[in-house]
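Participant: query-v4.csv is reproduced below (CSV, C-alpha atoms).
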```csv
chain,number,residue,atom,x,y,z
A,17,MET,CA,-32.6,50.1,6.7
A,18,SER,CA,-33.8,48.5,9.9
A,19,PHE,CA,-34.2,44.8,10.6
A,20,SER,CA,-37.3,43.3,12.2
A,21,SER,CA,-36.9,40.9,15.1
A,22,LYS,CA,-37.9,38.1,12.7
A,23,GLN,CA,-35.1,39.1,10.2
A,24,LYS,CA,-32.6,39.3,13.0
A,25,PHE,CA,-33.5,35.9,14.2
A,26,ALA,CA,-33.3,34.4,10.7
A,27,GLU,CA,-29.8,36.0,10.3
A,28,PHE,CA,-28.7,34.7,13.7
A,29,TYR,CA,-30.0,31.2,12.8
A,30,ARG,CA,-28.3,31.2,9.4
A,31,ILE,CA,-24.9,32.2,10.9
A,32,SER,CA,-25.2,29.7,13.7
A,33,PHE,CA,-26.2,26.9,11.3
A,34,GLU,CA,-23.4,27.5,8.9
A,35,GLU,CA,-20.6,28.0,11.5
A,36,SER,CA,-21.6,25.2,14.0
A,37,GLN,CA,-19.0,22.5,14.6
A,38,GLU,CA,-21.8,19.9,14.8
A,39,GLY,CA,-23.1,18.4,11.6
A,40,LEU,CA,-26.5,20.0,11.1
A,41,TRP,CA,-28.9,18.9,8.4
A,42,LEU,CA,-32.5,19.0,7.1
A,43,ALA,CA,-34.2,16.2,5.2
A,44,VAL,CA,-37.5,16.8,3.3
A,45,LEU,CA,-39.9,14.2,1.9
A,46,ASP,CA,-40.9,14.9,-1.7
A,47,GLU,CA,-44.1,12.9,-0.8
A,48,PRO,CA,-45.1,13.5,2.8
A,49,LEU,CA,-45.3,10.3,4.9
A,50,SER,CA,-48.7,9.4,6.4
A,51,VAL,CA,-48.3,8.5,10.1
A,52,ALA,CA,-51.1,6.0,9.7
A,53,LEU,CA,-49.1,3.6,7.5
A,54,PRO,CA,-47.8,0.4,8.9
A,55,MET,CA,-44.2,0.4,10.1
A,56,ASP,CA,-42.7,-1.5,7.1
A,57,GLN,CA,-44.4,0.9,4.6
A,58,GLN,CA,-43.2,3.9,6.6
A,59,GLN,CA,-39.7,2.7,6.4
A,60,GLU,CA,-39.9,2.0,2.7
A,61,HIS,CA,-41.5,5.4,2.1
A,62,LEU,CA,-38.8,7.2,4.0
A,63,PHE,CA,-36.0,5.6,2.1
A,64,ARG,CA,-37.7,6.3,-1.2
A,65,HIS,CA,-38.9,9.9,-0.7
A,66,ALA,CA,-36.6,11.6,1.9
A,67,TYR,CA,-33.7,13.5,0.6
A,68,LEU,CA,-31.1,15.9,2.1
A,69,ALA,CA,-32.3,19.4,1.5
A,70,GLU,CA,-29.8,21.3,3.5
A,71,CYS,CA,-26.7,20.8,5.6
A,72,ASN,CA,-23.9,22.9,7.0
A,73,LYS,CA,-20.1,22.7,6.3
A,74,ALA,CA,-19.3,20.5,9.2
A,75,PHE,CA,-21.8,17.9,8.1
A,76,ALA,CA,-20.4,17.9,4.5
A,77,ALA,CA,-16.9,17.6,5.8
A,78,MET,CA,-17.8,14.5,7.8
A,79,TYR,CA,-18.4,12.8,4.5
A,80,GLY,CA,-15.4,14.2,2.7
A,81,TYR,CA,-17.1,17.0,0.8
A,82,SER,CA,-15.7,20.5,0.7
A,83,ALA,CA,-19.1,22.2,0.4
A,84,PRO,CA,-22.7,21.4,1.4
A,85,ALA,CA,-23.9,21.8,-2.1
A,86,GLU,CA,-22.0,18.7,-3.1
A,87,LEU,CA,-24.0,16.5,-0.7
A,88,VAL,CA,-27.5,18.2,-0.9
A,89,GLY,CA,-30.0,16.0,-2.7
A,90,ALA,CA,-28.6,12.7,-1.5
A,91,ARG,CA,-31.0,10.0,-0.5
A,92,PHE,CA,-30.4,8.2,2.7
A,93,PRO,CA,-29.8,4.7,1.2
A,94,GLN,CA,-26.8,6.4,-0.5
A,95,LEU,CA,-25.3,7.2,3.0
A,96,LEU,CA,-26.5,4.5,5.3
A,97,ILE,CA,-25.1,1.0,5.1
A,98,LEU,CA,-28.4,-0.8,4.9
A,99,SER,CA,-26.8,-4.2,5.4
A,100,ASP,CA,-26.0,-3.2,9.0
A,101,PRO,CA,-29.1,-4.1,11.1
A,102,GLU,CA,-28.2,-1.4,13.6
A,103,ASN,CA,-29.0,1.2,11.0
A,104,LEU,CA,-32.4,-0.3,10.3
A,105,LYS,CA,-33.1,-0.5,14.0
A,106,ALA,CA,-32.3,3.2,14.4
A,107,VAL,CA,-34.7,4.1,11.6
A,108,ARG,CA,-37.5,2.0,13.0
A,109,THR,CA,-36.9,3.4,16.5
A,110,PHE,CA,-37.2,6.9,14.9
A,111,LEU,CA,-40.5,6.0,13.3
A,112,ALA,CA,-41.9,4.2,16.3
A,113,SER,CA,-41.1,6.9,18.8
A,114,GLY,CA,-43.1,9.7,17.2
A,115,TYR,CA,-40.3,10.8,14.8
A,116,GLU,CA,-37.8,11.8,17.4
A,117,ILE,CA,-34.6,10.0,18.5
A,118,LYS,CA,-31.6,10.9,20.5
A,119,HIS,CA,-28.0,9.5,20.6
A,120,ALA,CA,-28.7,7.0,17.9
A,121,GLN,CA,-25.6,5.4,16.3
A,122,THR,CA,-25.5,5.0,12.5
A,123,HIS,CA,-22.9,3.3,10.3
A,124,GLU,CA,-22.4,5.1,7.0
A,125,LEU,CA,-20.2,5.6,4.0
A,126,ALA,CA,-18.2,8.7,3.2
A,127,ARG,CA,-17.3,10.0,-0.3
A,128,ASN,CA,-14.2,7.8,-0.6
A,129,GLY,CA,-15.9,4.6,0.6
A,130,GLU,CA,-14.5,5.0,4.2
A,131,GLU,CA,-16.8,3.6,6.8
A,132,LYS,CA,-17.9,6.2,9.4
A,133,TYR,CA,-19.9,6.1,12.7
A,134,PHE,CA,-22.1,9.0,13.8
A,135,LEU,CA,-24.1,9.8,16.9
A,136,ASN,CA,-27.4,11.4,15.9
A,137,ASP,CA,-30.3,13.4,17.3
A,138,VAL,CA,-33.2,13.7,14.9
A,139,ARG,CA,-36.6,15.4,15.2
A,140,GLY,CA,-39.4,15.1,12.7
A,141,ILE,CA,-42.0,17.7,11.9
A,142,VAL,CA,-45.5,16.4,11.5
A,143,GLU,CA,-48.2,18.5,9.8
A,144,GLU,CA,-51.8,17.3,9.5
A,145,ASP,CA,-50.8,13.7,10.3
A,146,PHE,CA,-48.0,13.6,7.7
A,147,LEU,CA,-44.3,13.7,8.3
A,148,VAL,CA,-43.0,16.4,6.0
A,149,ARG,CA,-39.4,17.0,7.1
A,150,PHE,CA,-36.9,16.2,9.9
A,151,TRP,CA,-34.0,18.0,11.3
A,152,GLY,CA,-30.9,16.4,12.7
A,153,LYS,CA,-27.5,17.0,14.2
A,154,GLN,CA,-24.7,14.5,14.3
A,155,LYS,CA,-21.2,13.9,15.8
A,156,ASP,CA,-18.5,11.9,14.2
A,157,ILE,CA,-17.5,9.1,16.7
A,158,THR,CA,-15.5,7.0,14.2
A,159,SER,CA,-12.2,7.5,15.9
A,160,ASP,CA,-13.6,6.9,19.4
A,161,ARG,CA,-15.2,3.6,18.3
A,162,LEU,CA,-12.0,2.4,16.6
A,163,ARG,CA,-9.9,3.4,19.6
A,164,ALA,CA,-12.2,1.3,21.8
A,165,HIS,CA,-12.0,-1.6,19.3
A,166,ASN,CA,-8.2,-1.5,19.3
A,167,ASN,CA,-8.1,-1.5,23.1
A,168,LEU,CA,-9.4,-5.1,23.4
A,169,THR,CA,-7.6,-7.1,26.1
A,170,PRO,CA,-5.8,-10.3,24.9
A,171,GLN,CA,-8.6,-12.4,26.4
A,172,GLN,CA,-11.3,-10.4,24.8
A,173,ALA,CA,-9.5,-10.6,21.4
A,174,THR,CA,-9.2,-14.4,21.7
A,175,ILE,CA,-12.8,-14.9,22.6
A,176,LEU,CA,-13.9,-12.6,19.8
A,177,LYS,CA,-11.7,-14.5,17.3
A,178,LEU,CA,-13.0,-17.9,18.4
A,179,THR,CA,-16.6,-16.5,18.2
A,180,ILE,CA,-15.9,-15.4,14.6
A,181,GLU,CA,-14.7,-18.9,13.8
A,182,GLY,CA,-18.0,-20.2,14.9
A,183,LYS,CA,-16.9,-21.8,18.2
A,184,SER,CA,-19.6,-22.3,20.8
A,185,LEU,CA,-19.7,-21.0,24.3
A,186,LYS,CA,-18.6,-24.5,25.6
A,187,GLU,CA,-15.8,-24.8,23.1
A,188,ILE,CA,-14.4,-21.4,23.9
A,189,SER,CA,-14.6,-22.2,27.6
A,190,HIS,CA,-12.7,-25.5,27.0
A,191,VAL,CA,-10.0,-23.8,24.9
A,192,LEU,CA,-9.3,-21.0,27.4
A,193,GLY,CA,-9.8,-23.1,30.5
A,194,VAL,CA,-12.3,-20.6,32.0
A,195,SER,CA,-15.9,-21.0,33.1
A,196,LEU,CA,-18.9,-20.8,30.8
A,197,LYS,CA,-20.1,-17.8,32.8
A,198,SER,CA,-16.9,-15.9,32.3
A,199,VAL,CA,-17.0,-16.4,28.6
A,200,ASP,CA,-20.6,-15.3,28.4
A,201,THR,CA,-19.9,-12.2,30.5
A,202,ILE,CA,-17.0,-11.2,28.3
A,203,ARG,CA,-19.0,-11.7,25.1
A,204,ALA,CA,-21.8,-9.5,26.6
A,205,ARG,CA,-19.2,-6.8,27.2
A,206,LEU,CA,-17.9,-7.2,23.6
A,207,LYS,CA,-21.4,-6.8,22.2
A,208,ARG,CA,-21.8,-3.5,24.1
A,209,LYS,CA,-18.3,-2.3,23.1
A,210,LEU,CA,-18.8,-3.1,19.4
A,211,GLY,CA,-22.5,-2.1,19.3
A,212,ALA,CA,-23.7,-5.6,18.4
A,213,SER,CA,-27.2,-6.9,19.2
A,214,ASN,CA,-26.4,-10.6,19.1
A,215,ILE,CA,-23.6,-13.1,18.6
A,216,PRO,CA,-23.8,-13.4,14.8
A,217,HIS,CA,-23.9,-9.6,14.6
A,218,LEU,CA,-20.9,-9.4,16.9
A,219,ALA,CA,-18.9,-11.7,14.6
A,220,ALA,CA,-20.0,-9.7,11.5
A,221,ARG,CA,-19.1,-6.4,13.2
A,222,ALA,CA,-15.6,-7.5,14.1
A,223,VAL,CA,-14.9,-8.6,10.5
A,224,GLN,CA,-16.6,-5.5,9.1
A,225,LEU,CA,-14.3,-3.3,11.2
A,226,GLY,CA,-11.2,-5.2,10.2
A,227,LEU,CA,-10.4,-6.5,13.7
A,228,PHE,CA,-10.0,-10.0,12.3
A,229,ASP,CA,-10.3,-11.8,9.0
A,230,LEU,CA,-12.4,-14.8,8.7
A,231,GLY,CA,-9.5,-16.7,7.2
A,232,ASP,CA,-7.2,-16.0,10.2
A,233,LYS,CA,-6.4,-18.8,12.5
A,234,LEU,CA,-5.2,-18.8,16.1
```
Would you write the structure of this file as structure tokens?

Facilitator:
Amino acid sequence: MSFSSKQKFAEFYRISFEESQEGLWLAVLDEPLSVALPMDQQQEHLFRHAYLAECNKAFAAMYGYSAPAELVGARFPQLLILSDPENLKAVRTFLASGYEIKHAQTHELARNGEEKYFLNDVRGIVEEDFLVRFWGKQKDITSDRLRAHNNLTPQQATILKLTIEGKSLKEISHVLGVSLKSVDTIRARLKRKLGASNIPHLAARAVQLGLFDLGDKL
């Protein structure tokens, strides 16, 4: 029995997909998404109708599953932490950029409730002005993020803690005896390090990651 080039490619693809160390997945929409819909409706449609149709072993393992079949069929609201504004921002960027996004960070939940962070590349397939499916690959960056979080300098940790407690820029400057500009610069660095978009999000992220507790006092 001889294989055609198409059969050989399909076999090569299947082996590569299954054995890749990257998390590879395919999502399908049970109702295709019209690209003409307003952004808010597209987002709602995506969450309601997209489901995980296929994934490899590496992807399943990132969520604590032993086999892909255990995760297939999941809807994205089951995985994404929708209370995290960065997740919604990533989804909207995907929709607004023509259904393609690279190096997008997502904050998700694994099988045991553990919080995970992934770096994602996603590409959608549009047919006759409808998004019908999208492919993705992801890398688990949880340990890298947590290591960075745990490497805060004493000054960064103090400024972050005071920020969580609701202290203003001026109040923090007074407590530490440093200039307003220095405090502002350090908080900007902290936002980049923790992936926060603003000061309230910075405080929420720090608490969320267990860096500090809101009840702690200096």

Participant: Could you give me, as a PyMOL selection string, the residues within 10 Å of Arg203 (chain A), counting only C-alpha atoms and dropping anything in the same chain fewer than 2 positions from it?

Facilitator: chain A and resi 172+175-176+179+185+197-201+205-209+214-215+218

Participant: Smallest atom-to-atom distance to Tyr79 (chain A): which of A:Glu144, A:Asp137, A:Asp156, A:Glu60, using all atoms listed in the file?

Facilitator: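 Residue with the minimum atom-to-atom distance to Tyr79 (chain A): A:Asp156.
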
Participant: At a cut-off of 12 Å, using only C-alpha atoms, what residues contact Leu104 (chain A)? Leave out same-chain residues fewer than 4 positions from it and give the result as a list in words.

Facilitator: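 Listing them by chain and then by number gives Met55, Asp56, Gln59, Glu60, Leu62, Phe63, Phe92, Pro93, Leu96, Ile97, Leu98, Ser99, Asp100, Arg108, Thr109, Phe110, Leu111, Ala120, Gln121, Thr122, His123 and Glu124 of chain A.
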
Participant: I'd like to know which of A:Thr158, A:Asn167, A:Ser189, A:Asn72 is closest to Arg30 (chain A), using only C-alpha atoms.

Facilitator: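 Going through A:Thr158, A:Asn167, A:Ser189, A:Asn72 one by one, the smallest distance to Arg30 (chain A) is for A:Asn72.
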
Participant: So the first atom is CA of Ala219 (chain A) and the second is CA of Leu168 (chain A); what is the distance between them in Å, to one decimal place?

Facilitator: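 These two atoms are separated by 14.5 Å.
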
Participant: Rounded to one decimal place, report the CA of Ile141 (chain A)-CA of Ala76 (chain A) distance in Å.

Facilitator: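 Going from CA of Ile141 (chain A) over to CA of Ala76 (chain A) covers 22.8 Å.
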
Participant: Excluding same-chain residues fewer than 5 positions from Ser82 (chain A), what lies within 12 Å of it counting only C-alpha atoms, as a list of chain:residue names?

Facilitator: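 Selected residues are A:Asn72, A:Lys73, A:Ala74, A:Phe75, A:Ala76, A:Ala77, A:Leu87, A:Arg127.
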
Participant: To one decimal place, how far is CA of Trp41 (chain A) from CA of Val138 (chain A) in Å?

Facilitator: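 Calculated distance between CA of Trp41 (chain A) and CA of Val138 (chain A) is 9.4 Å.
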
Participant: Neighbourhood query: residues within 10 Å of (-13.9, 7.7, 2.3), file coordinates, counting all atoms listed in the file; return as a PyMOL selection string.

Facilitator: chain A and resi 78-81+125-132

Participant: Please list as a list in words every residue within 9 Å of His217 (chain A), counting all atoms listed in the file and excluding residues in the same chain fewer than 4 positions away.

Facilitator: Asp100, Pro101, Lys207, Gly211, Ala212, Ser213, Arg221 and Ala222 of chain A

Participant: Choose the residue, out of A:Lys183, A:His119, A:Lys155, A:Arg139, that has the smallest atom-to-atom separation from Pro216 (chain A); count only C-alpha atoms.

Facilitator: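 Among the listed residues, the smallest separation from Pro216 (chain A) belongs to A:Lys183.
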
Participant: Taking into account all atoms listed in the file, which residue in the set A:Ala85, A:Ala52, A:Val148, A:Ile157 is nearest to Glu38 (chain A)?

Facilitator: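 Checking each candidate against Glu38 (chain A), we get A:Ile157 as the closest.
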
Participant: The residues within 6 Å of (-25.4, 19.6, 14.7), using all atoms listed in the file and the coordinates of the file, should be reported as a list in words; which are they?

Facilitator: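 In the file's frame, the residues around the point are Glu38, Gly39, Leu40, Lys153 and Gln154 of chain A.
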
Participant: Just save region 122-142 of chain A with N, CA and C atoms, as a CSV table (one decimal), in the first residue's frame.

Facilitator:
```csv
chain,number,residue,atom,x,y,z
A,122,THR,N,-2.5,35.2,29.2
A,122,THR,CA,-3.8,34.9,29.8
A,122,THR,C,-3.7,34.4,31.2
A,123,HIS,N,-4.7,34.6,32.0
A,123,HIS,CA,-4.7,34.1,33.4
A,123,HIS,C,-5.8,33.1,33.5
A,124,GLU,N,-5.5,31.9,33.8
A,124,GLU,CA,-6.5,30.8,33.7
A,124,GLU,C,-6.5,29.9,34.9
A,125,LEU,N,-7.5,29.0,34.9
A,125,LEU,CA,-7.6,28.0,36.0
A,125,LEU,C,-7.4,26.6,35.5
A,126,ALA,N,-6.5,25.9,36.3
A,126,ALA,CA,-6.3,24.5,36.0
A,126,ALA,C,-7.3,23.6,36.7
A,127,ARG,N,-7.2,22.3,36.5
A,127,ARG,CA,-8.2,21.4,37.0
A,127,ARG,C,-8.4,21.5,38.5
A,128,ASN,N,-7.3,21.7,39.2
A,128,ASN,CA,-7.4,21.7,40.7
A,128,ASN,C,-7.6,23.1,41.3
A,129,GLY,N,-8.0,24.0,40.4
A,129,GLY,CA,-8.2,25.4,40.9
A,129,GLY,C,-7.0,26.3,40.9
A,130,GLU,N,-5.8,25.7,40.5
A,130,GLU,CA,-4.6,26.4,40.5
A,130,GLU,C,-4.6,27.5,39.5
A,131,GLU,N,-4.1,28.7,39.8
A,131,GLU,CA,-4.0,29.8,38.8
A,131,GLU,C,-2.8,29.6,37.9
A,132,LYS,N,-3.0,29.7,36.6
A,132,LYS,CA,-1.9,29.6,35.7
A,132,LYS,C,-1.8,30.8,34.8
A,133,TYR,N,-0.6,31.0,34.2
A,133,TYR,CA,-0.4,32.0,33.3
A,133,TYR,C,0.2,31.4,32.0
A,134,PHE,N,-0.4,31.8,30.8
A,134,PHE,CA,0.1,31.3,29.6
A,134,PHE,C,0.4,32.4,28.6
A,135,LEU,N,1.3,32.1,27.7
A,135,LEU,CA,1.7,33.0,26.6
A,135,LEU,C,1.1,32.4,25.3
A,136,ASN,N,0.3,33.1,24.6
A,136,ASN,CA,-0.5,32.5,23.5
A,136,ASN,C,-0.2,33.2,22.1
A,137,ASP,N,-0.2,32.4,21.1
A,137,ASP,CA,-0.3,32.8,19.7
A,137,ASP,C,-1.6,32.2,19.2
A,138,VAL,N,-2.5,33.0,18.6
A,138,VAL,CA,-3.8,32.4,18.1
A,138,VAL,C,-4.0,33.0,16.7
A,139,ARG,N,-4.5,32.2,15.9
A,139,ARG,CA,-4.9,32.6,14.5
A,139,ARG,C,-6.3,32.0,14.1
A,140,GLY,N,-7.2,32.9,13.7
A,140,GLY,CA,-8.5,32.5,13.3
A,140,GLY,C,-8.6,32.2,11.9
A,141,ILE,N,-9.6,31.4,11.5
A,141,ILE,CA,-9.9,31.1,10.1
A,141,ILE,C,-11.2,31.6,9.8
A,142,VAL,N,-11.3,32.6,8.8
A,142,VAL,CA,-12.5,33.2,8.4
A,142,VAL,C,-12.9,32.7,7.0
```
